[in-house]
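The structure under discussion appears below in the form of structure tokens.
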Amino acid sequence: MRLSTRDYFEMQVPLRGHADCAASTVVDFRKEVAAKLGAQRVWTESDSEFEVRTSCYELPSGALWYIQNCAPLTLECGDAPLVRVQIQWAGAGVTTINSQPVNISAAQACISPAQATLEFGAGFRHIGWHVRTDVLIRKLVALTGAPVTRPLTFEPVFRRGTAESGAFLTILDSILANIDYARCGAPFLFIAELEHALMVSLLQTCRHSLSTLLDSKVPAAGPWQVRQVEEYIATHWKHAV
């Protein structure tokens, strides 16, 4: 069933105040939003029932997307310096990474590099978090104090229903709530802090190629680091933040 614009905004969906695109044909979708999602090719099995609506909120180090589609839709995405986390809201989808398909459902989310094939089933609704890889690596270096000499790649399956995934989703829910219910726009610094927390949760919760750095004992701060913090506090303690 095709949703009207009014129906869409009256639904309790995330990012509803940040509508980005409403496409009724695959041609319109290609023009309006495919490039923003990094899609090099887009196709559908039923253009006559085609309806896609998207919302987008730019974060300091990435973006949050809400996407819902009526007809099945497939996107072939190219390489880019980002990590993509897809979380099901309703329906089901599949993301294929290096020939490995990963189901996206109420039971599990998917973490993928930019280059992947995204299949959205009929009636699929989901949240997509795109975060820059270089920012995640800098965050990892800050957490561990260790240099990173290898690429950062995540295990693609992210099980839902665990305490760890629950903690991650709680932070995400907080970001979405602050975006949707802030009267005059979400406070930038607050959203930035929540995004940092979401990145730390992703790095701590999900297994990846650099997880051993986090498994190791994190070194204590050196005297020079403590002195630098003390000097900063002494200089800026009167300033508003």
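Starting from 1 in every chain, residues are counted up; chains themselves are A, B, ... following the order of the structure tokens, and ligands are numbered from 1 as listed.
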
Subject >> segment 64-76 of chain A surroundings by only C-alpha atoms, 9 Å radius, close-in-sequence under 3 positions cut, as a PyMOL selection string >> reply: chain A and resi 1-3+13-16+19+26+34+37-59+90+115-131+176

Subject >> Backbone-only DSSP, helix (DSSP H, G or I) members of segment 56-166 of chain A, as JSON, numbers by chain >> reply: {"A": [133, 134, 135, 136, 137, 138, 139, 140, 141, 142, 143, 144, 163, 164, 165, 166]}

Find the residues of segment 61-169 of chain A that sit at most 8 Å from segment 196-212 of chain A; for each, write down the nearest two atoms and how far apart they are in Å, to one decimal. Count only C-alpha atoms. Sort by chain, then by number going up, and give it as a Markdown table.
```
| residue | atom | partner | partner_atom | distance |
| --- | --- | --- | --- | --- |
| A:Leu136 | CA | A:Met199 | CA | 6.6 |
| A:Lys139 | CA | A:Val200 | CA | 7.4 |
| A:Leu140 | CA | A:Leu203 | CA | 7.5 |
| A:Arg150 | CA | A:Leu210 | CA | 7.7 |
| A:Pro151 | CA | A:Ser209 | CA | 7.3 |
| A:Leu152 | CA | A:Ser209 | CA | 5.7 |
| A:Thr153 | CA | A:Ser209 | CA | 5.4 |
| A:Phe154 | CA | A:His208 | CA | 4.1 |
| A:Glu155 | CA | A:His208 | CA | 5.6 |
| A:Phe158 | CA | A:Cys206 | CA | 6.9 |
| A:Glu164 | CA | A:Thr205 | CA | 5.8 |
| A:Ser165 | CA | A:Thr205 | CA | 7.0 |
| A:Ala167 | CA | A:Ser201 | CA | 7.6 |
| A:Phe168 | CA | A:Ser201 | CA | 5.7 |
```

Output of the above residues as an mmCIF file, in the first residue's frame, restricted to C-alpha atoms:
```
data_model
loop_
_atom_site.group_PDB
_atom_site.id
_atom_site.type_symbol
_atom_site.label_atom_id
_atom_site.label_comp_id
_atom_site.auth_asym_id
_atom_site.auth_seq_id
_atom_site.Cartn_x
_atom_site.Cartn_y
_atom_site.Cartn_z
ATOM 1 C CA LEU A 136 36.323 5.562 14.628
ATOM 2 C CA LYS A 139 38.476 7.228 18.837
ATOM 3 C CA LEU A 140 40.125 3.805 19.191
ATOM 4 C CA ARG A 150 45.719 -2.210 10.198
ATOM 5 C CA PRO A 151 42.357 -1.475 8.552
ATOM 6 C CA LEU A 152 39.248 -1.414 10.729
ATOM 7 C CA THR A 153 36.693 -4.018 9.648
ATOM 8 C CA PHE A 154 33.725 -5.251 11.666
ATOM 9 C CA GLU A 155 32.136 -8.653 11.945
ATOM 10 C CA PHE A 158 25.230 -7.686 15.286
ATOM 11 C CA GLU A 164 25.594 -5.252 24.962
ATOM 12 C CA SER A 165 23.365 -4.518 21.990
ATOM 13 C CA ALA A 167 23.262 -0.605 25.672
ATOM 14 C CA PHE A 168 24.146 0.435 22.131
#
```

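Reported to one decimal place, the separation of atom CA of Leu82 of chain A from atom CA of Asn98 of chain A is 16.1 Å.
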
**OP:** Would you kindly return, as a PyMOL selection string, each protein, DNA or RNA residue with an atom no farther than 7 Å from any atom of segment 178-188 of chain A, considering only C-alpha atoms and excluding same-chain residues fewer than 3 positions away?
**Re:** chain A and resi 14-15+17+174-175+191-192

Original post:
Hey, which of A:Asp20, A:Leu213, A:Asp79, A:Asp28 ends up closest to Ile137 of chain A? Count only C-alpha atoms.
Top reply: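 Selected residue with least distance to Ile137 of chain A: A:Leu213.
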
Original post:
Where in segment 67-131 of chain A does DSSP assign strand (DSSP E), given as a PyMOL selection string?
Top reply: chain A and resi 67-69+73-77+82-90+93-97+100-104+108-113+116-120+125-131
